[in-house]
file coords-v2.cif (mmCIF, C-alpha atoms)
data_model
#
loop_
_atom_site.label_atom_id
_atom_site.label_comp_id
_atom_site.auth_asym_id
_atom_site.auth_seq_id
_atom_site.Cartn_x
_atom_site.Cartn_y
_atom_site.Cartn_z
CA MET A 1 -29.47 -16.39 15.14
CA HIS A 2 -26.76 -13.88 16.05
CA ASP A 3 -25.70 -11.74 13.09
CA ARG A 4 -21.94 -11.33 13.09
CA ARG A 5 -20.47 -8.90 10.61
CA PRO A 6 -17.42 -10.15 8.70
CA LEU A 7 -14.15 -8.39 9.42
CA PRO A 8 -13.26 -5.87 6.70
CA ALA A 9 -10.67 -7.14 4.22
CA VAL A 10 -7.27 -5.59 3.57
CA LEU A 11 -5.61 -5.00 0.24
CA GLY A 12 -2.62 -7.26 -0.40
CA ALA A 13 -4.02 -10.30 1.38
CA ASP A 14 -3.07 -12.35 -1.68
CA LEU A 15 0.43 -10.88 -2.03
CA GLU A 16 3.14 -13.44 -2.85
CA VAL A 17 6.80 -12.83 -2.06
CA PRO A 18 10.01 -14.65 -3.04
CA VAL A 19 11.89 -16.77 -0.52
CA LYS A 20 15.18 -18.61 -0.59
CA GLY A 21 15.41 -20.85 -3.64
CA GLY A 22 13.18 -18.63 -5.76
CA LYS A 23 9.87 -20.03 -4.53
CA LEU A 24 6.87 -17.70 -4.09
CA VAL A 25 4.85 -17.91 -0.88
CA GLY A 26 1.92 -15.95 0.50
CA TYR A 27 3.16 -12.98 2.49
CA ALA A 28 2.66 -13.22 6.26
CA ASN A 29 2.43 -9.57 7.23
CA LEU A 30 3.17 -9.31 10.94
CA ASP A 31 4.26 -5.68 10.87
CA TYR A 32 0.95 -3.87 11.39
CA ALA A 33 2.30 -1.69 14.18
CA ALA A 34 4.66 0.04 11.73
CA SER A 35 2.10 0.59 8.95
CA ALA A 36 -1.13 -1.31 8.50
CA PRO A 37 -2.29 -2.31 5.02
CA CYS A 38 -5.14 -0.43 3.39
CA LEU A 39 -8.66 -1.62 4.09
CA GLU A 40 -10.74 -2.37 1.02
CA PRO A 41 -13.48 0.08 2.16
CA VAL A 42 -10.82 2.78 2.52
CA SER A 43 -9.52 2.19 -0.98
CA ALA A 44 -13.10 2.29 -2.28
CA ALA A 45 -13.81 5.61 -0.55
CA VAL A 46 -10.70 7.22 -2.01
CA THR A 47 -11.48 5.86 -5.47
CA ALA A 48 -15.02 7.24 -5.23
CA ALA A 49 -13.74 10.70 -4.24
CA LEU A 50 -11.13 11.00 -6.99
CA PRO A 51 -13.39 11.85 -9.98
CA ALA A 52 -14.70 14.96 -8.22
CA TYR A 53 -11.47 15.82 -6.41
CA SER A 54 -10.91 19.57 -6.20
CA SER A 55 -9.67 22.27 -3.84
CA VAL A 56 -11.41 22.75 -0.50
CA HIS A 57 -12.74 25.94 1.11
CA ARG A 58 -11.80 27.99 -1.95
CA GLY A 59 -14.13 27.35 -4.86
CA ALA A 60 -17.77 27.87 -5.84
CA GLY A 61 -17.68 25.08 -8.42
CA TYR A 62 -19.58 21.87 -7.80
CA ALA A 63 -16.47 19.69 -7.50
CA SER A 64 -14.92 22.08 -4.99
CA GLN A 65 -18.11 22.22 -2.95
CA LEU A 66 -18.46 18.44 -2.97
CA THR A 67 -14.82 17.89 -1.97
CA THR A 68 -15.13 20.47 0.79
CA ALA A 69 -18.22 18.69 2.12
CA ARG A 70 -16.38 15.35 2.11
CA TYR A 71 -13.39 16.86 3.88
CA GLU A 72 -15.50 18.48 6.60
CA GLN A 73 -17.58 15.31 6.98
CA ALA A 74 -14.32 13.45 7.59
CA ARG A 75 -13.69 15.83 10.49
CA HIS A 76 -17.09 15.02 11.99
CA THR A 77 -16.51 11.29 11.49
CA VAL A 78 -13.19 11.43 13.34
CA ARG A 79 -14.76 13.46 16.15
CA ALA A 80 -17.41 10.78 16.63
CA PHE A 81 -14.90 7.92 16.30
CA VAL A 82 -12.81 9.11 19.26
CA GLY A 83 -15.79 10.26 21.32
CA ALA A 84 -14.64 13.87 21.33
CA ARG A 85 -16.54 16.73 22.93
CA PRO A 86 -18.70 18.75 20.51
CA ASP A 87 -16.44 21.80 20.71
CA ASP A 88 -13.11 19.94 20.39
CA ALA A 89 -10.91 20.86 17.44
CA VAL A 90 -10.11 18.15 14.89
CA ILE A 91 -6.96 19.13 13.00
CA PHE A 92 -5.69 17.00 10.15
CA THR A 93 -1.91 16.53 10.16
CA ARG A 94 0.58 14.22 8.45
CA ASN A 95 0.84 11.66 11.28
CA THR A 96 1.09 11.33 15.05
CA THR A 97 4.56 12.90 15.12
CA ASP A 98 3.29 15.90 13.17
CA ALA A 99 0.28 16.24 15.46
CA THR A 100 2.42 16.14 18.58
CA ASN A 101 4.81 18.75 17.23
CA LEU A 102 1.86 20.96 16.31
CA LEU A 103 0.63 20.87 19.90
CA ALA A 104 4.17 21.51 21.17
CA GLY A 105 4.17 24.81 19.26
CA CYS A 106 0.91 25.88 20.91
CA LEU A 107 1.79 25.30 24.55
CA PRO A 108 1.61 28.37 26.78
CA ALA A 109 4.96 29.97 27.60
CA ASP A 110 6.97 28.09 30.23
CA THR A 111 4.85 24.94 30.03
CA THR A 112 6.53 21.92 31.60
CA VAL A 113 5.85 18.56 30.00
CA VAL A 114 5.96 15.35 32.05
CA VAL A 115 6.68 12.27 29.95
CA PHE A 116 7.77 8.71 30.61
CA ASP A 117 10.93 7.22 29.09
CA THR A 118 8.72 4.44 27.76
CA GLU A 119 7.33 6.71 25.05
CA HIS A 120 7.77 6.68 21.29
CA HIS A 121 10.13 9.44 20.17
CA ALA A 122 7.13 11.35 18.78
CA SER A 123 5.99 11.91 22.37
CA LEU A 124 9.44 12.12 23.93
CA LEU A 125 11.29 14.69 21.82
CA PRO A 126 9.17 17.72 20.75
CA TRP A 127 9.07 19.53 24.10
CA ALA A 128 11.14 22.61 24.99
CA ARG A 129 10.93 21.89 28.73
CA ALA A 130 10.41 18.30 29.81
CA VAL A 131 10.62 16.18 32.94
CA ARG A 132 11.34 12.59 31.94
CA LEU A 133 10.20 9.81 34.25
CA ALA A 134 11.78 6.37 34.54
CA PRO A 135 9.83 3.32 33.34
CA PRO A 136 7.42 2.39 36.15
CA PRO A 137 7.58 -1.20 37.46
CA PHE A 138 3.78 -1.54 37.58
CA PRO A 139 0.76 0.55 36.46
CA GLY A 140 -0.04 1.95 39.89
CA GLU A 141 3.51 3.25 40.15
CA ALA A 142 3.05 5.08 36.85
CA VAL A 143 0.17 6.96 38.43
CA ARG A 144 2.08 7.61 41.65
CA ILE A 145 5.24 9.01 40.05
CA ALA A 146 3.22 11.13 37.61
CA ASP A 147 1.30 12.48 40.60
CA GLU A 148 4.54 13.30 42.41
CA ALA A 149 6.13 14.94 39.37
CA LEU A 150 3.11 17.12 38.58
CA ALA A 151 2.77 18.21 42.20
CA GLY A 152 6.27 19.66 42.11
CA ILE A 153 5.75 21.83 39.02
CA ASP A 154 4.48 25.40 38.99
CA GLY A 155 2.91 27.04 35.96
CA PRO A 156 1.34 25.37 32.93
CA LYS A 157 1.95 21.62 32.67
CA LEU A 158 1.13 18.81 30.31
CA LEU A 159 1.31 15.06 30.94
CA VAL A 160 2.11 13.03 27.82
CA VAL A 161 1.50 9.28 27.73
CA THR A 162 0.79 6.49 25.30
CA ALA A 163 -2.46 4.55 25.41
CA ALA A 164 -0.82 1.34 24.15
CA SER A 165 2.93 0.81 23.94
CA ASN A 166 4.34 0.51 20.44
CA VAL A 167 7.03 -1.83 21.86
CA THR A 168 5.11 -4.22 24.10
CA GLY A 169 1.48 -3.50 23.24
CA GLU A 170 0.70 -3.05 26.93
CA LEU A 171 -2.24 -0.79 27.79
CA TRP A 172 -1.56 2.21 30.00
CA PRO A 173 -3.91 3.49 32.75
CA ILE A 174 -4.83 6.63 30.85
CA ALA A 175 -8.07 7.29 32.79
CA ALA A 176 -6.22 7.33 36.12
CA LEU A 177 -3.42 9.44 34.67
CA ALA A 178 -5.93 11.94 33.28
CA HIS A 179 -7.53 12.21 36.73
CA ILE A 180 -4.15 12.86 38.34
CA ALA A 181 -3.22 15.44 35.71
CA HIS A 182 -6.43 17.41 36.22
CA ARG A 183 -6.09 17.27 39.99
CA HIS A 184 -2.85 19.22 39.61
CA GLY A 185 -4.25 21.67 37.05
CA ALA A 186 -2.39 19.95 34.21
CA ARG A 187 -3.61 18.68 30.86
CA ILE A 188 -2.98 15.32 29.25
CA LEU A 189 -2.04 14.35 25.70
CA VAL A 190 -2.54 10.70 24.78
CA ASP A 191 -0.65 9.10 21.91
CA ALA A 192 -3.38 6.79 20.59
CA ALA A 193 -1.54 5.65 17.44
CA GLN A 194 -1.34 2.03 18.59
CA LEU A 195 -4.68 1.99 20.39
CA VAL A 196 -7.27 3.15 17.85
CA PRO A 197 -6.69 0.31 15.34
CA HIS A 198 -7.37 -2.20 18.15
CA ARG A 199 -9.72 -0.71 20.76
CA GLN A 200 -12.52 1.81 21.00
CA LEU A 201 -11.50 5.19 22.42
CA ASN A 202 -13.81 7.68 24.11
CA LEU A 203 -12.01 10.94 24.75
CA THR A 204 -14.95 12.43 26.66
CA ALA A 205 -15.50 9.47 28.98
CA LEU A 206 -11.78 9.26 29.76
CA ALA A 207 -11.55 13.06 30.28
CA LEU A 208 -8.61 13.40 27.90
CA ASP A 209 -7.57 16.85 26.75
CA TYR A 210 -5.75 15.88 23.53
CA VAL A 211 -5.45 12.75 21.42
CA ALA A 212 -3.17 12.14 18.43
CA PHE A 213 -3.06 9.24 15.98
CA SER A 214 -1.99 8.30 12.45
CA GLY A 215 -3.96 7.10 9.46
CA HIS A 216 -1.19 4.76 8.32
CA LYS A 217 -1.63 2.65 11.46
CA LEU A 218 -5.42 2.76 11.11
CA TYR A 219 -5.57 0.99 7.72
CA ALA A 220 -5.59 4.34 5.91
CA PRO A 221 -2.06 4.76 4.53
CA PHE A 222 -2.62 8.01 2.64
CA GLY A 223 -0.33 10.35 4.57
CA ALA A 224 -2.68 11.88 7.12
CA GLY A 225 -2.98 12.00 10.89
CA VAL A 226 -5.13 13.78 13.46
CA LEU A 227 -4.86 15.96 16.55
CA VAL A 228 -8.11 16.20 18.52
CA GLY A 229 -8.61 18.30 21.61
CA ARG A 230 -9.38 21.50 23.44
CA ARG A 231 -9.43 24.66 21.36
CA ASP A 232 -8.05 27.36 23.67
CA TRP A 233 -4.31 26.61 23.42
CA LEU A 234 -4.65 25.79 19.75
CA SER A 235 -6.58 29.00 19.01
CA VAL A 236 -3.78 31.27 20.21
CA GLY A 237 -0.72 29.15 19.44
CA GLU A 238 1.59 30.11 16.61
CA PRO A 239 0.08 28.87 13.32
CA TYR A 240 1.79 25.60 12.48
CA LEU A 241 2.23 26.65 8.85
CA LYS A 242 1.93 30.20 7.65
CA GLY A 243 0.10 30.59 4.39
CA GLY A 244 -3.22 30.60 2.58
CA GLY A 245 -6.23 29.43 4.53
CA ALA A 246 -4.73 30.20 7.95
CA VAL A 247 -5.46 33.93 7.69
CA ARG A 248 -8.50 36.17 7.58
CA SER A 249 -6.59 39.01 5.95
CA VAL A 250 -3.08 40.26 5.21
CA GLY A 251 -2.30 43.98 5.18
CA ALA A 252 -0.82 45.75 2.15
CA ALA A 253 2.88 46.62 2.14
CA ASP A 254 2.18 50.35 2.09
CA ALA A 255 -0.73 50.24 4.53
CA ALA A 256 -0.46 51.76 7.98
CA ASP A 257 -1.40 48.41 9.46
CA GLN A 258 0.54 45.61 7.76
CA GLY A 259 -0.46 43.03 10.33
CA THR A 260 -1.77 39.58 9.51
CA ASP A 261 -5.13 38.62 11.00
CA TRP A 262 -4.85 34.89 11.72
CA HIS A 263 -7.88 32.68 12.18
CA ASP A 264 -8.68 32.00 15.82
CA ASP A 265 -10.48 28.81 14.79
CA PRO A 266 -7.70 26.23 15.27
CA GLU A 267 -8.77 24.07 12.35
CA PRO A 268 -8.05 26.59 9.55
CA ARG A 269 -5.36 28.24 11.68
CA HIS A 270 -3.20 25.09 11.61
CA GLU A 271 -4.16 23.71 8.20
CA ALA A 272 -2.62 26.29 5.88
CA GLY A 273 -2.28 25.45 2.22
CA THR A 274 -4.16 22.73 0.40
CA PRO A 275 -4.70 19.92 2.91
CA ASN A 276 -4.40 16.20 2.32
CA VAL A 277 -8.05 15.79 1.40
CA LEU A 278 -7.76 12.17 0.31
CA GLY A 279 -5.87 11.32 3.49
CA ALA A 280 -8.69 12.77 5.58
CA ILE A 281 -11.32 10.89 3.55
CA ALA A 282 -9.29 7.69 4.01
CA ILE A 283 -9.09 8.08 7.79
CA ALA A 284 -12.84 8.70 7.99
CA ALA A 285 -13.54 5.61 5.88
CA ALA A 286 -11.36 3.51 8.19
CA CYS A 287 -13.20 4.90 11.23
CA ASP A 288 -16.53 4.04 9.62
CA ALA A 289 -15.42 0.52 8.67
CA LEU A 290 -14.18 -0.35 12.17
CA THR A 291 -17.25 1.13 13.82
CA ALA A 292 -19.60 -0.73 11.48
CA THR A 293 -17.84 -4.03 12.15
CA GLY A 294 -18.19 -3.63 15.90
CA TRP A 295 -15.43 -3.61 18.48
CA THR A 296 -16.55 -6.84 20.15
CA ALA A 297 -15.80 -8.89 17.04
CA LEU A 298 -12.54 -7.05 16.35
CA VAL A 299 -11.20 -7.46 19.88
CA ARG A 300 -12.30 -11.08 20.15
CA GLU A 301 -10.44 -12.09 17.01
CA GLU A 302 -7.32 -10.13 17.93
CA GLU A 303 -7.16 -11.59 21.43
CA ARG A 304 -7.54 -15.10 20.05
CA LEU A 305 -4.63 -14.63 17.64
CA ILE A 306 -2.32 -12.78 20.02
CA ALA A 307 -2.86 -15.45 22.69
CA ARG A 308 -1.94 -18.11 20.14
CA LEU A 309 1.18 -16.18 19.18
CA ARG A 310 2.35 -15.52 22.72
CA ALA A 311 1.76 -19.11 23.82
CA GLY A 312 3.77 -20.32 20.85
CA LEU A 313 6.66 -17.98 21.62
CA ALA A 314 6.67 -18.97 25.29
CA ALA A 315 7.06 -22.63 24.32
CA ILE A 316 10.28 -22.02 22.36
CA ASP A 317 13.49 -22.35 24.33
CA GLY A 318 15.68 -19.30 23.77
CA VAL A 319 12.90 -16.85 22.84
CA ARG A 320 12.11 -14.14 25.40
CA GLU A 321 9.14 -11.81 25.15
CA LEU A 322 9.71 -8.23 26.32
CA SER A 323 7.27 -6.83 28.85
CA LEU A 324 7.17 -3.95 31.30
CA TRP A 325 4.33 -5.16 33.50
CA GLY A 326 4.38 -8.93 33.12
CA PRO A 327 2.72 -11.48 30.87
CA ASP A 328 -0.80 -11.08 32.27
CA HIS A 329 -1.17 -7.33 31.74
CA PRO A 330 -3.75 -6.43 29.03
CA ARG A 331 -2.32 -5.48 25.67
CA VAL A 332 -3.12 -4.98 22.01
CA GLY A 333 -1.77 -7.18 19.22
CA ILE A 334 1.92 -6.37 19.57
CA VAL A 335 4.70 -8.66 20.82
CA SER A 336 8.42 -7.86 20.94
CA PHE A 337 11.01 -10.51 21.66
CA VAL A 338 14.65 -11.51 21.40
CA VAL A 339 16.17 -14.82 20.31
CA ASP A 340 19.27 -16.14 22.06
CA GLY A 341 22.31 -16.31 19.83
CA TYR A 342 20.92 -14.03 17.11
CA SER A 343 20.74 -10.30 16.56
CA ALA A 344 17.30 -8.89 15.84
CA ARG A 345 18.28 -8.15 12.27
CA GLU A 346 19.45 -11.73 11.72
CA VAL A 347 16.12 -13.02 12.96
CA ALA A 348 14.10 -10.62 10.80
CA GLU A 349 16.15 -11.41 7.70
CA ALA A 350 15.76 -15.16 8.22
CA LEU A 351 12.01 -14.83 8.71
CA SER A 352 11.69 -12.80 5.54
CA GLY A 353 14.17 -14.56 3.29
CA GLU A 354 13.28 -18.12 4.23
CA HIS A 355 9.61 -17.95 5.25
CA GLY A 356 8.02 -14.86 3.69
CA ILE A 357 7.26 -13.29 7.06
CA GLY A 358 7.42 -9.54 7.60
CA VAL A 359 8.31 -8.29 11.09
CA ARG A 360 10.04 -5.20 12.46
CA ASP A 361 13.48 -5.25 14.03
CA GLY A 362 15.28 -2.44 15.80
CA LYS A 363 14.49 -0.05 18.62
CA PHE A 364 11.03 0.94 17.33
CA CYS A 365 11.66 4.70 17.73
CA ALA A 366 11.67 4.11 21.49
CA HIS A 367 15.39 3.82 22.27
CA PRO A 368 15.33 4.47 26.04
CA PHE A 369 12.47 2.00 26.57
CA VAL A 370 14.02 -0.79 24.51
CA ARG A 371 17.32 -0.40 26.37
CA HIS A 372 15.43 -0.64 29.65
CA LEU A 373 13.59 -3.79 28.60
CA LEU A 374 16.76 -5.47 27.35
CA GLY A 375 18.49 -4.72 30.63
CA THR A 376 21.84 -3.46 29.34
CA ALA A 377 23.05 -0.63 27.17
CA ASP A 378 23.86 -3.03 24.35
CA GLY A 379 20.94 -5.38 25.01
CA GLY A 380 23.32 -8.24 25.58
CA CYS A 381 24.06 -8.28 21.86
CA GLU A 382 27.61 -8.87 20.74
CA ASP A 383 27.10 -6.34 17.95
CA GLY A 384 25.87 -3.74 20.45
CA THR A 385 22.63 -3.13 18.59
CA ALA A 386 20.36 -3.30 21.64
CA SER A 387 17.50 -4.24 19.34
CA ALA A 388 14.52 -6.58 19.38
CA VAL A 389 12.07 -8.18 16.97
CA ARG A 390 8.45 -7.05 16.91
CA ALA A 391 5.53 -9.04 15.54
CA SER A 392 2.22 -7.21 15.31
CA ILE A 393 -1.15 -8.39 14.09
CA GLY A 394 -4.33 -6.86 12.73
CA LEU A 395 -7.11 -7.33 10.23
CA GLY A 396 -5.82 -9.77 7.65
CA THR A 397 -3.72 -11.77 10.11
CA THR A 398 -4.53 -15.50 10.03
CA GLU A 399 -3.76 -18.52 12.18
CA GLU A 400 -1.45 -19.73 9.41
CA HIS A 401 0.59 -16.51 9.67
CA VAL A 402 0.96 -16.97 13.42
CA ASP A 403 1.82 -20.64 13.16
CA ARG A 404 4.33 -19.98 10.38
CA LEU A 405 6.16 -17.48 12.59
CA ILE A 406 6.26 -19.89 15.52
CA GLY A 407 7.50 -22.72 13.32
CA ALA A 408 10.16 -20.52 11.73
CA LEU A 409 11.48 -19.40 15.12
CA ARG A 410 11.51 -22.96 16.40
CA ASP A 411 13.52 -23.94 13.34
CA LEU A 412 15.91 -21.04 13.86
CA THR A 413 16.57 -21.85 17.50
CA THR A 414 17.40 -25.48 16.75
CA ARG A 415 20.32 -24.39 14.56
CA ARG A 416 22.35 -23.16 17.52
#
call {"tool": "encode", "arguments": {"input": "coords-v2.cif", "output": "structure tokens"}}
result
Amino acid sequence: MHDRRPLPAVLGADLEVPVKGGKLVGYANLDYAASAPCLEPVSAAVTAALPAYSSVHRGAGYASQLTTARYEQARHTVRAFVGARPDDAVIFTRNTTDATNLLAGCLPADTTVVVFDTEHHASLLPWARAVRLAPPPFPGEAVRIADEALAGIDGPKLLVVTAASNVTGELWPIAALAHIAHRHGARILVDAAQLVPHRQLNLTALALDYVAFSGHKLYAPFGAGVLVGRRDWLSVGEPYLKGGGAVRSVGAADAADQGTDWHDDPEPRHEAGTPNVLGAIAIAAACDALTATGWTALVREEERLIARLRAGLAAIDGVRELSLWGPDHPRVGIVSFVVDGYSAREVAEALSGEHGIGVRDGKFCAHPFVRHLLGTADGGCEDGTASAVRASIGLGTTEEHVDRLIGALRDLTTRR
């Protein structure tokens, strides 16, 4: 008999929320792409670490030594989770945005960054010198125009791309893009924030130079993120924060040499001050929980639910799913859509207030991409919001949640 591990549970699965008329209903959380709920194993790991919580890398006491060991073990766990090379740096940050900005400060002088207008603002905005590429009409064109752009750039260059779109959920051809980048002597940074909660990632097999992701999207909402990648740029880049832990020594004011000797190991160099130890432990616990469950079971359940959701949306007159590469392109559990006759905010408020459903509405920190998908500067909205509704699923999502959303939208469209 095949042994199938149960999916790990999330905290808040029994949350009840008020709806119109004062009734309480079970919350249908369909907003995982913004912030995923905490996994029970993650909460347990943090709770277990709290009694011995202490400073890291600074104390000889037992609690400090134990906490330091847990923090450094978290680094090893993350390295294994993303399939990093043995000598890759694993730097704990606040989130994906923080990680991307950290790398931006370490780029060699005069580096040109090539980035698509389909990116989240975290990947679009931090660069001093950037070439922005238009949304490609199909995946092969993404590779072609990246190839063309990189070929025309002299000096250091970095290609920045998402692994899975935070707007449409569509998977990007990151292996092919990495190959193109390296052919032109460039490096590649992959925003994996929306990928790692849904699919296994192997940095080494894909030949990626840098990967960034957030704990709060990986069922570890304790304020930590990660930058993983090659050490050389990070070892000489300006320390992200200047303070204790990032230095080997600081000269005296009256000394002939007052210089500061910064660590050339990028991990302490860019983690000055007391780090978010519990955030790192939480991320590691989430990595362990997903790995122990097995990606086959996780992907199978997600694909079953997202297919049910997309089929339901397609059957409703007046609901249009947003897609860059068409309905058959592989994607993770994210669907964005618009409803004729309603602004995105009106839809989201009706879903919440009348049905206890949580979704995201807006531009999803990807303004140029959402405008492109909607087709006009104002998205065809009378209020000029150019916004959409996003439903996203994950561990804890049930068939009832999906069916409730479909029924609520069908009800909403019949009011027109």
call {"tool": "closest_residue", "arguments": {"input": "coords-v2.cif", "among": "A:Thr118, A:Asp110, A:Pro51, A:Glu170", "to": "Leu158 (chain A)", "atoms": "all atoms listed in the file"}}
result
A:Asp110
call {"tool": "closest_residue", "arguments": {"input": "coords-v2.cif", "among": "A:Asp317, A:Asp87, A:Asp264, A:Asp411", "to": "Glu238 (chain A)", "atoms": "all atoms listed in the file"}}
result
A:Asp264
call {"tool": "residues_around", "arguments": {"input": "coords-v2.cif", "residues": "Pro239 (chain A)", "least_positions_apart": "6", "cutoff": "12 Å", "atoms": "all atoms listed in the file", "output": "list in words"}}
result
Asn101, Leu102, Leu103, Ala104, Gly105, Cys106, Leu107, Trp233, Gly245, Ala246, Val247, Thr260, Asp261, Trp262, His263, Asp264, Asp265, Pro266, Glu267, Pro268, Arg269, His270, Glu271, Ala272 and Gly273 of chain A
call {"tool": "write_last_selection", "arguments": {"input": "coords-v2.cif", "atoms": "C-alpha atoms", "output": "PDB file, in the coordinates of the input"}}
result
ATOM      1  CA  ASN A 101       4.810  18.750  17.230  1.00  0.00           C
ATOM      2  CA  LEU A 102       1.860  20.960  16.310  1.00  0.00           C
ATOM      3  CA  LEU A 103       0.630  20.870  19.900  1.00  0.00           C
ATOM      4  CA  ALA A 104       4.170  21.510  21.170  1.00  0.00           C
ATOM      5  CA  GLY A 105       4.170  24.810  19.260  1.00  0.00           C
ATOM      6  CA  CYS A 106       0.910  25.880  20.910  1.00  0.00           C
ATOM      7  CA  LEU A 107       1.790  25.300  24.550  1.00  0.00           C
ATOM      8  CA  TRP A 233      -4.310  26.610  23.420  1.00  0.00           C
ATOM      9  CA  GLY A 245      -6.230  29.430   4.530  1.00  0.00           C
ATOM     10  CA  ALA A 246      -4.730  30.200   7.950  1.00  0.00           C
ATOM     11  CA  VAL A 247      -5.460  33.930   7.690  1.00  0.00           C
ATOM     12  CA  THR A 260      -1.770  39.580   9.510  1.00  0.00           C
ATOM     13  CA  ASP A 261      -5.130  38.620  11.000  1.00  0.00           C
ATOM     14  CA  TRP A 262      -4.850  34.890  11.720  1.00  0.00           C
ATOM     15  CA  HIS A 263      -7.880  32.680  12.180  1.00  0.00           C
ATOM     16  CA  ASP A 264      -8.680  32.000  15.820  1.00  0.00           C
ATOM     17  CA  ASP A 265     -10.480  28.810  14.790  1.00  0.00           C
ATOM     18  CA  PRO A 266      -7.700  26.230  15.270  1.00  0.00           C
ATOM     19  CA  GLU A 267      -8.770  24.070  12.350  1.00  0.00           C
ATOM     20  CA  PRO A 268      -8.050  26.590   9.550  1.00  0.00           C
ATOM     21  CA  ARG A 269      -5.360  28.240  11.680  1.00  0.00           C
ATOM     22  CA  HIS A 270      -3.200  25.090  11.610  1.00  0.00           C
ATOM     23  CA  GLU A 271      -4.160  23.710   8.200  1.00  0.00           C
ATOM     24  CA  ALA A 272      -2.620  26.290   5.880  1.00  0.00           C
ATOM     25  CA  GLY A 273      -2.280  25.450   2.220  1.00  0.00           C
TER      26      GLY A 273
END
call {"tool": "residues_around", "arguments": {"input": "coords-v2.cif", "residues": "Leu39 (chain A)", "least_positions_apart": "2", "cutoff": "6 Å", "atoms": "only C-alpha atoms", "output": "PyMOL selection string"}}
result
chain A and resi 9-11+41-42+219
call {"tool": "write_last_selection", "arguments": {"input": "coords-v2.cif", "atoms": "C-alpha atoms", "output": "compact mmCIF listing (two decimals), in the coordinates of the input"}}
result
# COMPACT_ATOMS: atom_id res chain seq x y z
CA ALA A 9 -10.67 -7.14 4.22
CA VAL A 10 -7.27 -5.59 3.57
CA LEU A 11 -5.61 -5.00 0.24
CA PRO A 41 -13.48 0.08 2.16
CA VAL A 42 -10.82 2.78 2.52
CA TYR A 219 -5.57 0.99 7.72
call {"tool": "resolve_selection", "arguments": {"input": "coords-v2.cif", "expression": "the PyMOL selection byres ((chain A and resi 188-202) around 9)", "output": "PyMOL selection string"}}
result
chain A and resi 33+36+80-84+95-96+100+119-120+122-123+157-166+169+171+174+177-178+181-182+186-187+203-215+217-219+229+287+290-291+295+298-299+302+332-333+394
call {"tool": "write_last_selection", "arguments": {"input": "coords-v2.cif", "atoms": "C-alpha atoms", "output": "short mmCIF file (atom, residue, chain, number, x, y, z; two decimals), in the frame of the given file"}}
result
data_model
loop_
_atom_site.label_atom_id
_atom_site.label_comp_id
_atom_site.auth_asym_id
_atom_site.auth_seq_id
_atom_site.Cartn_x
_atom_site.Cartn_y
_atom_site.Cartn_z
CA ALA A 33 2.30 -1.69 14.18
CA ALA A 36 -1.13 -1.31 8.50
CA ALA A 80 -17.41 10.78 16.63
CA PHE A 81 -14.90 7.92 16.30
CA VAL A 82 -12.81 9.11 19.26
CA GLY A 83 -15.79 10.26 21.32
CA ALA A 84 -14.64 13.87 21.33
CA ASN A 95 0.84 11.66 11.28
CA THR A 96 1.09 11.33 15.05
CA THR A 100 2.42 16.14 18.58
CA GLU A 119 7.33 6.71 25.05
CA HIS A 120 7.77 6.68 21.29
CA ALA A 122 7.13 11.35 18.78
CA SER A 123 5.99 11.91 22.37
CA LYS A 157 1.95 21.62 32.67
CA LEU A 158 1.13 18.81 30.31
CA LEU A 159 1.31 15.06 30.94
CA VAL A 160 2.11 13.03 27.82
CA VAL A 161 1.50 9.28 27.73
CA THR A 162 0.79 6.49 25.30
CA ALA A 163 -2.46 4.55 25.41
CA ALA A 164 -0.82 1.34 24.15
CA SER A 165 2.93 0.81 23.94
CA ASN A 166 4.34 0.51 20.44
CA GLY A 169 1.48 -3.50 23.24
CA LEU A 171 -2.24 -0.79 27.79
CA ILE A 174 -4.83 6.63 30.85
CA LEU A 177 -3.42 9.44 34.67
CA ALA A 178 -5.93 11.94 33.28
CA ALA A 181 -3.22 15.44 35.71
CA HIS A 182 -6.43 17.41 36.22
CA ALA A 186 -2.39 19.95 34.21
CA ARG A 187 -3.61 18.68 30.86
CA LEU A 203 -12.01 10.94 24.75
CA THR A 204 -14.95 12.43 26.66
CA ALA A 205 -15.50 9.47 28.98
CA LEU A 206 -11.78 9.26 29.76
CA ALA A 207 -11.55 13.06 30.28
CA LEU A 208 -8.61 13.40 27.90
CA ASP A 209 -7.57 16.85 26.75
CA TYR A 210 -5.75 15.88 23.53
CA VAL A 211 -5.45 12.75 21.42
CA ALA A 212 -3.17 12.14 18.43
CA PHE A 213 -3.06 9.24 15.98
CA SER A 214 -1.99 8.30 12.45
CA GLY A 215 -3.96 7.10 9.46
CA LYS A 217 -1.63 2.65 11.46
CA LEU A 218 -5.42 2.76 11.11
CA TYR A 219 -5.57 0.99 7.72
CA GLY A 229 -8.61 18.30 21.61
CA CYS A 287 -13.20 4.90 11.23
CA LEU A 290 -14.18 -0.35 12.17
CA THR A 291 -17.25 1.13 13.82
CA TRP A 295 -15.43 -3.61 18.48
CA LEU A 298 -12.54 -7.05 16.35
CA VAL A 299 -11.20 -7.46 19.88
CA GLU A 302 -7.32 -10.13 17.93
CA VAL A 332 -3.12 -4.98 22.01
CA GLY A 333 -1.77 -7.18 19.22
CA GLY A 394 -4.33 -6.86 12.73
#
call {"tool": "atom_distance", "arguments": {"input": "coords-v2.cif", "atom1": "CA of Ala391 (chain A)", "atom2": "CA of Leu30 (chain A)"}}
result
5.2 Å
call {"tool": "atom_distance", "arguments": {"input": "coords-v2.cif", "atom1": "CA of Arg390 (chain A)", "atom2": "CA of Lys20 (chain A)"}}
result
22.0 Å
call {"tool": "closest_residue", "arguments": {"input": "coords-v2.cif", "among": "A:Glu40, A:Asp31, A:Val250, A:Ala366", "to": "Ala348 (chain A)", "atoms": "only C-alpha atoms"}}
result
A:Asp31
